[in-house]
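Dumped query_11.tsv below, it's TSV, C-alpha atoms and all ligand atoms:
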chain	number	residue	atom	x	y	z
A	1	MET	CA	3.46	-20.62	14.43
A	2	ILE	CA	3.92	-19.55	10.80
A	3	PRO	CA	3.07	-15.84	10.96
A	4	HIS	CA	0.62	-14.29	8.53
A	5	ASN	CA	3.13	-11.66	7.53
A	6	ARG	CA	6.72	-10.75	8.26
A	7	PRO	CA	9.25	-8.28	6.82
A	8	THR	CA	12.09	-9.71	4.73
A	9	ILE	CA	15.27	-8.52	6.44
A	10	GLU	CA	18.58	-9.71	5.02
A	11	SER	CA	22.29	-9.00	5.42
A	12	GLU	CA	22.20	-6.04	2.97
A	13	ASP	CA	19.66	-4.31	5.22
A	14	TYR	CA	21.76	-4.80	8.36
A	15	LYS	CA	24.87	-3.52	6.56
A	16	ALA	CA	23.06	-0.43	5.25
A	17	ILE	CA	21.72	0.54	8.66
A	18	ASP	CA	25.08	-0.17	10.27
A	19	ARG	CA	26.74	2.15	7.72
A	20	VAL	CA	24.38	5.00	8.64
A	21	LEU	CA	24.80	4.42	12.38
A	22	LYS	CA	28.56	4.56	12.00
A	23	SER	CA	28.34	7.77	9.95
A	24	CYS	CA	26.50	9.45	12.87
A	25	GLN	CA	24.25	11.20	10.29
A	26	LEU	CA	21.01	9.84	11.69
A	27	SER	CA	18.47	12.41	10.55
A	28	GLN	CA	17.81	13.40	6.95
A	29	ASN	CA	20.81	13.44	4.65
A	30	SER	CA	22.21	11.87	1.47
A	31	GLU	CA	20.58	8.44	1.99
A	32	VAL	CA	17.12	10.01	1.70
A	33	PHE	CA	18.09	11.95	-1.44
A	34	LYS	CA	19.56	8.79	-3.03
A	35	PHE	CA	16.47	6.77	-2.09
A	36	GLU	CA	14.23	9.38	-3.72
A	37	GLU	CA	16.33	9.27	-6.89
A	38	GLU	CA	16.40	5.48	-7.01
A	39	PHE	CA	12.65	5.33	-6.42
A	40	GLU	CA	12.12	7.79	-9.29
A	41	LYS	CA	14.27	5.62	-11.55
A	42	TYR	CA	12.38	2.48	-10.55
A	43	LEU	CA	9.09	4.09	-11.51
A	44	GLY	CA	10.55	5.62	-14.68
A	45	LEU	CA	10.14	9.20	-13.44
A	46	LYS	CA	12.41	12.17	-13.95
A	47	LYS	CA	14.46	13.70	-11.15
A	48	GLY	CA	12.43	15.77	-8.70
A	49	SER	CA	9.25	13.68	-9.00
A	50	ALA	CA	9.40	11.97	-5.59
A	51	VAL	CA	9.64	13.02	-1.98
A	52	ALA	CA	10.22	10.64	0.90
A	53	VAL	CA	8.16	11.10	4.07
A	54	SER	CA	7.67	9.51	7.48
A	55	ASN	CA	4.87	7.07	6.53
A	56	GLY	CA	2.01	6.46	4.12
A	57	THR	CA	-0.51	8.38	6.22
A	58	SER	CA	1.62	11.53	6.19
A	59	ALA	CA	2.08	11.04	2.41
A	60	LEU	CA	-1.70	10.98	2.07
A	61	TYR	CA	-2.19	13.99	4.32
A	62	LEU	CA	0.42	16.01	2.40
A	63	ALA	CA	-1.11	15.03	-0.95
A	64	LEU	CA	-4.53	16.20	0.28
A	65	TYR	CA	-3.14	19.39	1.80
A	66	PHE	CA	-1.34	20.35	-1.41
A	67	LEU	CA	-4.38	19.46	-3.54
A	68	ASP	CA	-6.24	21.95	-1.37
A	69	ALA	CA	-8.68	19.47	0.19
A	70	ARG	CA	-10.11	21.94	2.73
A	71	ASN	CA	-13.92	21.87	2.42
A	72	LYS	CA	-13.73	19.73	-0.72
A	73	LYS	CA	-15.44	16.38	-1.14
A	74	VAL	CA	-12.85	13.62	-0.75
A	75	ILE	CA	-14.07	10.30	-2.14
A	76	PHE	CA	-12.69	6.96	-0.96
A	77	PRO	CA	-13.99	3.44	-0.32
A	78	ALA	CA	-15.48	2.34	3.01
A	79	TYR	CA	-13.42	-0.81	2.51
A	80	SER	CA	-9.88	0.49	3.07
A	81	CYS	CA	-7.27	1.48	5.62
A	82	SER	CA	-8.55	3.92	8.27
A	83	SER	CA	-5.60	6.20	7.48
A	84	LEU	CA	-7.63	7.51	4.52
A	85	ALA	CA	-10.30	8.81	6.91
A	86	HIS	CA	-7.73	10.24	9.35
A	87	ALA	CA	-5.75	12.06	6.64
A	88	THR	CA	-8.94	13.49	5.13
A	89	LYS	CA	-10.08	14.78	8.53
A	90	LEU	CA	-6.69	16.36	9.24
A	91	ALA	CA	-6.71	18.05	5.81
A	92	CYS	CA	-10.25	19.37	6.57
A	93	GLY	CA	-11.77	17.56	3.58
A	94	LYS	CA	-15.33	16.23	3.53
A	95	ALA	CA	-15.19	12.44	3.44
A	96	ASP	CA	-17.59	10.84	0.94
A	97	LEU	CA	-17.48	7.06	1.35
A	98	LYS	CA	-18.27	4.67	-1.49
A	99	ASP	CA	-18.90	0.95	-1.64
A	100	VAL	CA	-16.48	-1.33	-3.46
A	101	GLU	CA	-17.61	-3.08	-6.63
A	102	LYS	CA	-19.17	-6.52	-6.44
A	103	ASN	CA	-16.58	-9.23	-5.66
A	104	SER	CA	-13.76	-6.71	-5.75
A	105	PRO	CA	-11.75	-4.97	-3.02
A	106	ASN	CA	-11.62	-1.83	-5.21
A	107	MET	CA	-14.27	0.82	-5.84
A	108	SER	CA	-15.60	1.99	-9.21
A	109	ILE	CA	-13.14	3.95	-11.33
A	110	HIS	CA	-15.89	6.40	-12.33
A	111	HIS	CA	-16.37	8.33	-9.07
A	112	GLY	CA	-15.58	12.04	-8.80
A	113	LYS	CA	-17.12	15.24	-10.10
A	114	SER	CA	-15.60	18.62	-10.85
A	115	GLY	CA	-13.84	20.12	-7.83
A	116	GLU	CA	-13.66	16.81	-5.95
A	117	ILE	CA	-10.70	14.68	-4.88
A	118	VAL	CA	-10.65	10.89	-5.22
A	119	ILE	CA	-8.34	8.67	-3.16
A	120	TYR	CA	-8.14	5.37	-5.01
A	121	PRO	CA	-6.48	2.54	-3.05
A	122	GLN	CA	-5.36	-0.41	-5.17
A	123	MET	CA	-6.25	-2.99	-2.56
A	124	TYR	CA	-4.15	-6.11	-2.04
A	125	GLY	CA	-2.18	-5.26	-5.20
A	126	ASN	CA	-5.25	-5.58	-7.45
A	127	ILE	CA	-4.80	-2.75	-9.89
A	128	SER	CA	-7.64	-0.92	-11.59
A	129	LYS	CA	-7.01	1.22	-14.65
A	130	LEU	CA	-8.09	4.68	-13.56
A	131	VAL	CA	-10.10	7.19	-15.55
A	132	LEU	CA	-8.94	10.79	-15.48
A	133	LYS	CA	-11.57	13.52	-15.58
A	134	LYS	CA	-11.29	17.27	-15.98
A	135	LYS	CA	-11.04	19.11	-12.63
A	136	VAL	CA	-11.10	15.91	-10.55
A	137	SER	CA	-7.88	15.32	-8.61
A	138	ILE	CA	-6.91	11.69	-8.19
A	139	ILE	CA	-4.57	10.36	-5.53
A	140	GLU	CA	-3.62	6.83	-6.49
A	141	ASP	CA	-3.01	5.06	-3.19
A	142	ALA	CA	-0.35	2.52	-4.16
A	143	CYS	CA	0.49	1.58	-0.55
A	144	GLN	CA	-0.40	-2.02	-1.39
A	145	SER	CA	0.55	-2.08	-5.06
A	146	LEU	CA	4.18	-0.99	-5.39
A	147	GLY	CA	5.64	-2.69	-8.48
A	148	GLY	CA	2.27	-3.32	-10.16
A	149	LYS	CA	1.58	-1.86	-13.60
A	150	VAL	CA	-1.19	-0.91	-16.01
A	151	ASP	CA	-0.18	-0.70	-19.68
A	152	LYS	CA	3.46	-0.73	-18.50
A	153	ILE	CA	2.81	2.35	-16.31
A	154	HIS	CA	3.60	1.85	-12.64
A	155	SER	CA	0.82	1.90	-10.08
A	156	GLY	CA	1.04	5.27	-8.35
A	157	LEU	CA	1.44	7.19	-11.61
A	158	GLN	CA	-2.09	7.05	-12.92
A	159	GLY	CA	-3.51	10.03	-11.05
A	160	ASN	CA	-2.29	13.52	-10.17
A	161	VAL	CA	-0.39	12.23	-7.16
A	162	GLY	CA	0.69	8.76	-6.05
A	163	ILE	CA	1.40	7.69	-2.49
A	164	PHE	CA	3.27	4.69	-1.09
A	165	SER	CA	3.77	3.12	2.34
A	166	PHE	CA	6.88	1.32	3.53
A	167	TYR	CA	5.32	0.01	6.73
A	168	ALA	CA	7.00	-3.14	8.16
A	169	THR	CA	4.93	-5.62	6.16
A	170	LYS	CA	4.42	-3.70	2.92
A	171	MET	CA	6.02	-4.66	-0.42
A	172	ILE	CA	9.26	-3.10	0.87
A	173	THR	CA	9.95	-1.54	4.25
A	174	THR	CA	12.06	1.36	5.48
A	175	ALA	CA	12.73	-0.01	8.98
A	176	GLY	CA	9.09	-0.23	9.99
A	177	GLN	CA	7.63	3.09	8.84
A	178	GLY	CA	8.05	5.23	5.77
A	179	GLY	CA	6.28	6.70	2.78
A	180	MET	CA	6.75	8.37	-0.60
A	181	ILE	CA	4.79	10.90	-2.62
A	182	VAL	CA	5.25	10.96	-6.40
A	183	SER	CA	3.90	13.21	-9.11
A	184	LYS	CA	4.75	14.16	-12.66
A	185	ASN	CA	4.00	17.68	-11.46
A	186	THR	CA	7.52	18.39	-10.20
A	187	ALA	CA	6.50	21.89	-9.03
A	188	LEU	CA	4.11	20.24	-6.57
A	189	ILE	CA	6.84	17.91	-5.28
A	190	LYS	CA	9.16	20.92	-4.91
A	191	GLU	CA	6.52	22.68	-2.81
A	192	ILE	CA	6.12	19.62	-0.56
A	193	LYS	CA	9.89	19.36	-0.13
A	194	ASP	CA	9.99	23.01	0.90
A	195	PHE	CA	7.13	22.42	3.38
A	196	LEU	CA	9.06	19.57	5.05
A	197	ASN	CA	12.24	21.57	5.31
A	198	PHE	CA	11.31	23.88	8.18
A	199	ASP	CA	14.55	24.23	10.10
A	200	MET	CA	16.55	27.51	9.89
A	201	ARG	CA	14.12	29.17	7.47
A	202	LYS	CA	13.93	32.93	7.73
A	203	GLU	CA	10.41	33.49	6.42
A	204	LYS	CA	7.61	32.72	8.90
A	205	LYS	CA	5.77	30.29	6.67
A	206	PHE	CA	3.81	27.31	8.05
A	207	ARG	CA	5.80	24.11	7.62
A	208	PHE	CA	5.86	20.73	9.35
A	209	ASN	CA	8.09	17.76	10.07
A	210	PHE	CA	7.07	14.61	8.18
A	211	GLN	CA	10.64	13.75	7.20
A	212	MET	CA	12.10	10.34	6.52
A	213	THR	CA	15.42	9.61	8.25
A	214	ASP	CA	18.65	8.32	6.70
A	215	ILE	CA	18.31	5.02	8.61
A	216	GLN	CA	14.89	4.48	7.04
A	217	ALA	CA	16.11	5.46	3.58
A	218	ALA	CA	19.23	3.27	3.75
A	219	MET	CA	17.04	0.22	4.31
A	220	GLY	CA	14.59	1.44	1.65
A	221	ARG	CA	17.44	1.48	-0.87
A	222	THR	CA	18.53	-2.10	-0.19
A	223	GLN	CA	14.91	-3.29	-0.18
A	224	LEU	CA	14.12	-1.47	-3.43
A	225	LYS	CA	17.02	-3.28	-5.14
A	226	ARG	CA	15.33	-6.59	-4.22
A	227	LEU	CA	11.74	-5.52	-4.93
A	228	ASN	CA	11.49	-7.28	-8.31
A	229	ASN	CA	12.68	-10.49	-6.70
A	230	PHE	CA	10.20	-10.02	-3.82
A	231	ILE	CA	7.42	-9.68	-6.39
A	232	LYS	CA	8.56	-12.85	-8.21
A	233	ILE	CA	8.42	-14.82	-4.96
A	234	ARG	CA	5.01	-13.40	-4.04
A	235	LYS	CA	3.71	-14.40	-7.48
A	236	LYS	CA	5.05	-17.94	-7.01
A	237	ILE	CA	3.24	-18.21	-3.66
A	238	PHE	CA	0.03	-16.83	-5.19
A	239	ASN	CA	0.30	-19.38	-8.02
A	240	LEU	CA	0.87	-22.17	-5.52
A	241	TYR	CA	-2.41	-21.27	-3.76
A	242	LYS	CA	-4.09	-21.02	-7.15
A	243	SER	CA	-2.84	-24.49	-8.10
A	244	LEU	CA	-4.54	-25.81	-4.94
A	245	ASP	CA	-7.83	-24.68	-6.44
A	246	LEU	CA	-8.56	-22.13	-3.74
A	247	ASN	CA	-11.15	-19.48	-4.44
A	248	LEU	CA	-8.78	-16.49	-4.57
A	249	LEU	CA	-10.02	-12.93	-4.79
A	250	THR	CA	-8.58	-11.40	-7.91
A	251	ILE	CA	-9.82	-8.83	-10.35
A	252	ASN	CA	-8.53	-8.45	-13.96
A	253	LYS	CA	-8.26	-12.22	-14.38
A	254	ASN	CA	-8.17	-11.93	-18.16
A	255	GLU	CA	-6.62	-8.50	-18.43
A	256	LYS	CA	-3.15	-9.05	-19.91
A	257	LYS	CA	-2.15	-5.39	-19.75
A	258	ILE	CA	-2.49	-5.25	-15.97
A	259	ASN	CA	0.35	-6.59	-13.88
A	260	THR	CA	-1.06	-7.36	-10.44
A	261	VAL	CA	1.29	-7.71	-7.46
A	262	PRO	CA	0.07	-10.21	-4.87
A	263	TYR	CA	0.52	-8.06	-1.78
A	264	ARG	CA	-2.06	-10.31	-0.16
A	265	CYS	CA	-3.47	-13.72	-1.11
A	266	ILE	CA	-7.14	-13.36	-0.22
A	267	MET	CA	-9.30	-16.46	-0.21
A	268	LEU	CA	-13.09	-16.41	-0.32
A	269	CYS	CA	-14.73	-18.80	2.13
A	270	LYS	CA	-18.10	-19.24	3.86
A	271	ASN	CA	-17.01	-18.95	7.46
A	272	PRO	CA	-13.75	-17.02	7.94
A	273	LYS	CA	-13.81	-17.25	11.77
A	274	LYS	CA	-13.97	-21.04	11.64
A	275	VAL	CA	-11.23	-21.23	9.00
A	276	VAL	CA	-8.92	-18.88	10.96
A	277	LYS	CA	-9.40	-21.11	14.03
A	278	LYS	CA	-8.77	-24.29	12.09
A	279	PHE	CA	-5.49	-22.96	10.63
A	280	ARG	CA	-4.45	-21.87	14.10
A	281	GLU	CA	-4.83	-25.46	15.34
A	282	TYR	CA	-2.13	-26.28	12.79
A	283	LYS	CA	0.01	-23.34	13.93
A	284	ILE	CA	-0.55	-21.27	10.79
A	285	GLN	CA	-1.71	-17.70	11.23
A	286	VAL	CA	-4.29	-16.58	8.70
A	287	ILE	CA	-6.36	-13.45	9.33
A	288	ASN	CA	-9.56	-11.80	8.27
A	289	PRO	CA	-7.94	-8.95	6.29
A	290	LEU	CA	-10.69	-6.48	7.14
A	291	GLU	CA	-13.40	-7.08	9.73
A	292	THR	CA	-16.92	-5.64	9.39
A	293	TRP	CA	-16.35	-3.22	12.29
A	294	GLU	CA	-13.29	-1.85	10.49
A	295	LEU	CA	-15.34	-0.49	7.58
A	296	LEU	CA	-15.08	3.29	7.54
A	297	GLY	CA	-18.86	3.84	7.69
A	298	ASN	CA	-22.05	2.02	8.67
A	299	SER	CA	-21.65	-1.45	7.18
A	300	ASN	CA	-25.34	-1.58	6.19
A	301	ASN	CA	-24.75	1.21	3.69
A	302	PHE	CA	-21.95	-0.68	1.94
A	303	GLN	CA	-23.28	-4.12	1.11
A	304	ASN	CA	-20.46	-5.26	-1.21
A	305	SER	CA	-17.86	-4.19	1.36
A	306	LYS	CA	-19.79	-5.87	4.17
A	307	LYS	CA	-20.02	-9.09	2.18
A	308	LEU	CA	-16.25	-9.08	1.59
A	309	THR	CA	-15.55	-8.66	5.30
A	310	GLN	CA	-17.73	-11.69	6.00
A	311	GLN	CA	-16.26	-13.95	3.32
A	312	THR	CA	-12.51	-13.50	3.22
A	313	ILE	CA	-9.33	-14.64	4.87
A	314	SER	CA	-5.76	-13.67	4.05
A	315	LEU	CA	-3.18	-16.46	3.67
A	316	PRO	CA	0.56	-16.09	4.42
A	317	CYS	CA	2.28	-14.52	1.40
A	318	TYR	CA	5.70	-12.91	1.80
A	319	PRO	CA	9.23	-13.49	0.49
A	320	SER	CA	10.69	-14.86	3.73
A	321	LEU	CA	8.35	-17.89	3.77
A	322	THR	CA	10.60	-20.93	3.37
A	323	SER	CA	9.86	-23.86	1.06
A	324	GLN	CA	9.36	-25.91	4.24
A	325	ASP	CA	6.73	-23.41	5.42
A	326	LEU	CA	5.02	-23.59	2.03
A	327	ASN	CA	5.04	-27.40	1.93
A	328	TYR	CA	3.51	-27.48	5.39
A	329	ILE	CA	0.85	-24.88	4.45
A	330	GLU	CA	0.01	-26.88	1.31
A	331	LYS	CA	-0.36	-30.14	3.27
A	332	THR	CA	-2.52	-28.40	5.87
A	333	ILE	CA	-4.77	-26.86	3.22
A	334	ASN	CA	-5.31	-30.31	1.70
A	335	LYS	CA	-6.19	-31.68	5.15
A	336	ILE	CA	-8.69	-28.98	6.15
A	337	ARG	CA	-10.10	-27.78	2.82
A	338	HIS	CA	-13.51	-29.32	3.58
A	339	GLU	CA	-13.86	-26.51	6.15
A	340	PHE	CA	-13.56	-23.80	3.47
B	401	LIG	C1	-4.21	1.31	1.31
B	401	LIG	C2	-3.40	1.97	2.38
B	401	LIG	N1	-3.36	3.33	2.42
B	401	LIG	C3	-2.63	3.97	3.36
B	401	LIG	C4	-1.92	3.28	4.32
B	401	LIG	C5	-1.17	4.04	5.36
B	401	LIG	O1	0.21	3.78	5.36
B	401	LIG	P1	1.08	3.85	6.71
B	401	LIG	O2	0.73	2.66	7.54
B	401	LIG	O3	2.49	3.80	6.21
B	401	LIG	O4	0.78	5.12	7.40
B	401	LIG	C6	-1.92	1.88	4.29
B	401	LIG	C7	-1.11	1.11	5.24
B	401	LIG	O5	-1.43	0.60	6.22
B	401	LIG	C8	-2.70	1.22	3.32
B	401	LIG	O6	-2.76	-0.12	3.28
Translate the structure described by the file into structure tokens.
Amino acid sequence: MIPHNRPTIESEDYKAIDRVLKSCQLSQNSEVFKFEEEFEKYLGLKKGSAVAVSNGTSALYLALYFLDARNKKVIFPAYSCSSLAHATKLACGKADLKDVEKNSPNMSIHHGKSGEIVIYPQMYGNISKLVLKKKVSIIEDACQSLGGKVDKIHSGLQGNVGIFSFYATKMITTAGQGGMIVSKNTALIKEIKDFLNFDMRKEKKFRFNFQMTDIQAAMGRTQLKRLNNFIKIRKKIFNLYKSLDLNLLTINKNEKKINTVPYRCIMLCKNPKKVVKKFREYKIQVINPLETWELLGNSNNFQNSKKLTQQTISLPCYPSLTSQDLNYIEKTINKIRHEF
């Protein structure tokens, strides 16, 4: 079976993890600090603008906690990862779900009133140019859009805070789980770093452990070095599907200033269940990227989101797909396309 997704693990990753294991410094140490610095450089940020954490959900929770989400309205789309709802609940915010825009996996860029917080996920690497408003805090959720840009600015830097996930199958991984929080507000990042550093502190201040380990960071560093190449390969795969005349979900088709990263290749089709089954007969795993029951609220209140869940499948798109895999997928698509 050709899997729908798979991390890209290569000799550099093994060597990096081996180096940390041999050093016996397994918890947080210099690898994490170097990873933070290298991540800052990649995004074009100054030193002290990034803090590594245990995963994307903890990054989101910490961003909400430090933006003082308690009792505030927190806006996010019904069509997104459930971690947004969990983090909001834990931070005691009041979730306010919105529909996505028509034929888009992203919500409107205009949501948010004074005193509110907006979590804006850039879904599947489709990047929307965000609008900043006075007294509205924006968390740009770049968990699926690392490496994408708007007007040469990296995704994750458009709002007050940006968050990233390094889960196993994200754009890069830090050994299965990991996350990063970035902000141009270095005082905020300093506060978060202090919050995470709870051991041997004399003052009795509330802190918590959401730390990344050196093993995670060592792999993050080797993956980050290859990120631009990963993106190139993903773009090639996306263009291959496009050349097969598939109906791919993509926003900003004619927007030259937006550099989308194909985290997922989403195809619109009439009957996803049937198409998933058909591919499976040919030993290719495609999935419905988000089922109707996974919407974060009652699907009847979010018609655009509901429609997307009923009309989409996600095709294999990751750097470790071989040219043999791709040839076979192409042949299969040509054989079964009448089912789409
Ligand atoms: C858009 C989005 N936000 C947040 C998360 C949470 O990240 P993590 O799985 O690292 O906790 C994910 C990942 O699944 C995601 O896709």
Proximity to ligand LIG 401 (chain B) - best of A:Leu21, A:Met171, A:Ile192, A:Leu246, all atoms listed in the file: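 Residue with the minimum atom-to-atom distance to ligand LIG 401 (chain B): A:Met171.
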Selection as a PyMOL selection string: residues within 10 Å of ligand LIG 401 (chain B) by all atoms listed in the file: chain A and resi 53-61+79-87+119-125+140-145+163-170+173-174+176-180+263
For atom CA of A:Leu308 and atom CA of A:Tyr282, the interatomic separation in Å (one decimal):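 Taking atom CA of A:Leu308 as the start and atom CA of A:Tyr282 as the end point, the length is 24.9 Å.
Of the residues listed (A:Ser183, A:Lys235, A:Gln28, A:Val74), A:Ser183 shows the shortest atom-to-atom separation from A:Lys46; distances use only C-alpha atoms.
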Pick from A:Asp96, A:Asp68, A:Glu12, A:Glu31 nearest to A:Ala218, counting only C-alpha atoms: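 Distance minimum relative to A:Ala218 lands on A:Glu31.
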One-decimal distance in Å that lies between atom CA of A:Leu290 and atom CA of A:Lys306: 9.6 Å
Spatial neighbours of A:Phe66, 8 Å, only C-alpha atoms, chain gap at least 3 places, as a PyMOL selection string: chain A and resi 62-63+69+188+192
Nearest residue to A:Lys193 from the set A:Ala50, A:Leu26, A:Ala91, A:Ile17 (distances using only C-alpha atoms): A:Ala50
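Reported to one decimal place, the separation of atom CA of A:Leu97 from atom CA of A:Pro77 is 5.3 Å.
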Edge lengths and centre, in Å to one decimal, as JSON: that's what I need for the box along x, y and z that holds all listed atoms of stretch 120-125 of chain A plus 4 Å on each side.
{"center_x": -5.2, "center_y": -0.4, "center_z": -3.6, "size_x": 14.0, "size_y": 19.5, "size_z": 11.2}
Residue contacts of A:Arg226 (12 Å, all atoms listed in the file) excluding same-chain residues fewer than 3 positions away, as number ranges by chain: A: 8-10, 12-13, 42, 147, 171-173, 219-223, 229-233, 319
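With distances restricted to all atoms listed in the file, A:Met1 is the closest residue to A:Glu281 from A:Lys34, A:Leu315, A:Lys98, A:Met1.
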Residues within 7 Å of A:Arg207, only C-alpha atoms, excluding chain neighbours under 5 positions, as a list in words: Phe195, Leu196 and Phe198 of chain A
Point (4.8, -21.3, -3.7) neighbourhood (12 Å, only C-alpha atoms) written as an NGL selection string: :A and (232-244 or 265 or 315-330)
Shell of 9 Å around A:Ile189, only C-alpha atoms, local chain residues under 5 positions omitted, as a ChimeraX atom specification: /A:48-51,181-184,194
Shell around A:Ile266 at 8 Å using only C-alpha atoms, local window under 6 positions removed, as JSON, numbers by chain: {"A": [248, 249, 289, 312, 313, 314, 315]}
Contact table stretch 202-272 of chain A vs stretch 103-108 of chain A, cut-off 12 Å, shortest pair per residue, all atoms listed in the file, as a tab-separated table:
residue	atom	partner	partner_atom	distance
A:Asn247	CA	A:Asn103	CA	11.7
A:Leu248	CA	A:Asn103	CA	10.7
A:Leu249	CA	A:Ser104	CA	7.3
A:Thr250	CA	A:Ser104	CA	7.3
A:Ile251	CA	A:Ser104	CA	6.4
A:Asn252	CA	A:Ser104	CA	9.9
A:Lys253	CA	A:Ser104	CA	11.6
A:Arg264	CA	A:Pro105	CA	11.4
A:Ile266	CA	A:Pro105	CA	10.0
A:Met267	CA	A:Asn103	CA	11.6
A:Leu268	CA	A:Asn103	CA	9.6
Nearest residue to A:Val286 from the set A:Gln211, A:Lys274, A:Cys24, A:Ala52 (distances using all atoms listed in the file):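 The shortest atom-to-atom distance to A:Val286 comes from A:Lys274.
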Please rebuild stretch 11-27 of chain A with N, CA and C atoms and give the result as an mmCIF file, in the coordinates of the input.
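Okay, selection25.cif is ready:
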data_model
loop_
_atom_site.group_PDB
_atom_site.id
_atom_site.type_symbol
_atom_site.label_atom_id
_atom_site.label_comp_id
_atom_site.auth_asym_id
_atom_site.auth_seq_id
_atom_site.Cartn_x
_atom_site.Cartn_y
_atom_site.Cartn_z
ATOM 1 N N SER A 11 21.004 -9.591 5.019
ATOM 2 C CA SER A 11 22.290 -9.000 5.420
ATOM 3 C C SER A 11 22.506 -7.603 4.817
ATOM 4 N N GLU A 12 22.029 -7.367 3.586
ATOM 5 C CA GLU A 12 22.200 -6.040 2.970
ATOM 6 C C GLU A 12 21.542 -4.947 3.825
ATOM 7 N N ASP A 13 20.388 -5.299 4.414
ATOM 8 C CA ASP A 13 19.660 -4.310 5.220
ATOM 9 C C ASP A 13 20.456 -3.976 6.494
ATOM 10 N N TYR A 14 20.970 -5.025 7.138
ATOM 11 C CA TYR A 14 21.760 -4.800 8.360
ATOM 12 C C TYR A 14 22.976 -3.921 8.039
ATOM 13 N N LYS A 15 23.651 -4.272 6.937
ATOM 14 C CA LYS A 15 24.870 -3.520 6.560
ATOM 15 C C LYS A 15 24.543 -2.058 6.298
ATOM 16 N N ALA A 16 23.430 -1.812 5.606
ATOM 17 C CA ALA A 16 23.060 -0.430 5.250
ATOM 18 C C ALA A 16 22.785 0.388 6.513
ATOM 19 N N ILE A 17 22.051 -0.207 7.442
ATOM 20 C CA ILE A 17 21.720 0.540 8.660
ATOM 21 C C ILE A 17 22.969 0.745 9.508
ATOM 22 N N ASP A 18 23.821 -0.266 9.534
ATOM 23 C CA ASP A 18 25.080 -0.170 10.270
ATOM 24 C C ASP A 18 25.926 0.992 9.719
ATOM 25 N N ARG A 19 25.963 1.088 8.376
ATOM 26 C CA ARG A 19 26.740 2.150 7.720
ATOM 27 C C ARG A 19 26.246 3.530 8.172
ATOM 28 N N VAL A 20 24.923 3.701 8.236
ATOM 29 C CA VAL A 20 24.380 5.000 8.640
ATOM 30 C C VAL A 20 24.684 5.267 10.116
ATOM 31 N N LEU A 21 24.512 4.241 10.946
ATOM 32 C CA LEU A 21 24.800 4.420 12.380
ATOM 33 C C LEU A 21 26.241 4.870 12.584
ATOM 34 N N LYS A 22 27.134 4.221 11.842
ATOM 35 C CA LYS A 22 28.560 4.560 12.000
ATOM 36 C C LYS A 22 28.872 5.956 11.474
ATOM 37 N N SER A 23 28.089 6.435 10.509
ATOM 38 C CA SER A 23 28.340 7.770 9.950
ATOM 39 C C SER A 23 27.906 8.874 10.918
ATOM 40 N N CYS A 24 27.061 8.488 11.893
ATOM 41 C CA CYS A 24 26.500 9.450 12.870
ATOM 42 C C CYS A 24 25.584 10.495 12.232
ATOM 43 N N GLN A 25 25.226 10.314 10.969
ATOM 44 C CA GLN A 25 24.250 11.200 10.290
ATOM 45 C C GLN A 25 22.898 10.495 10.376
ATOM 46 N N LEU A 26 22.205 10.657 11.475
ATOM 47 C CA LEU A 26 21.010 9.840 11.690
ATOM 48 C C LEU A 26 19.736 10.470 11.147
ATOM 49 N N SER A 27 19.713 11.789 11.047
ATOM 50 C CA SER A 27 18.470 12.410 10.550
ATOM 51 C C SER A 27 18.500 12.433 9.018
#
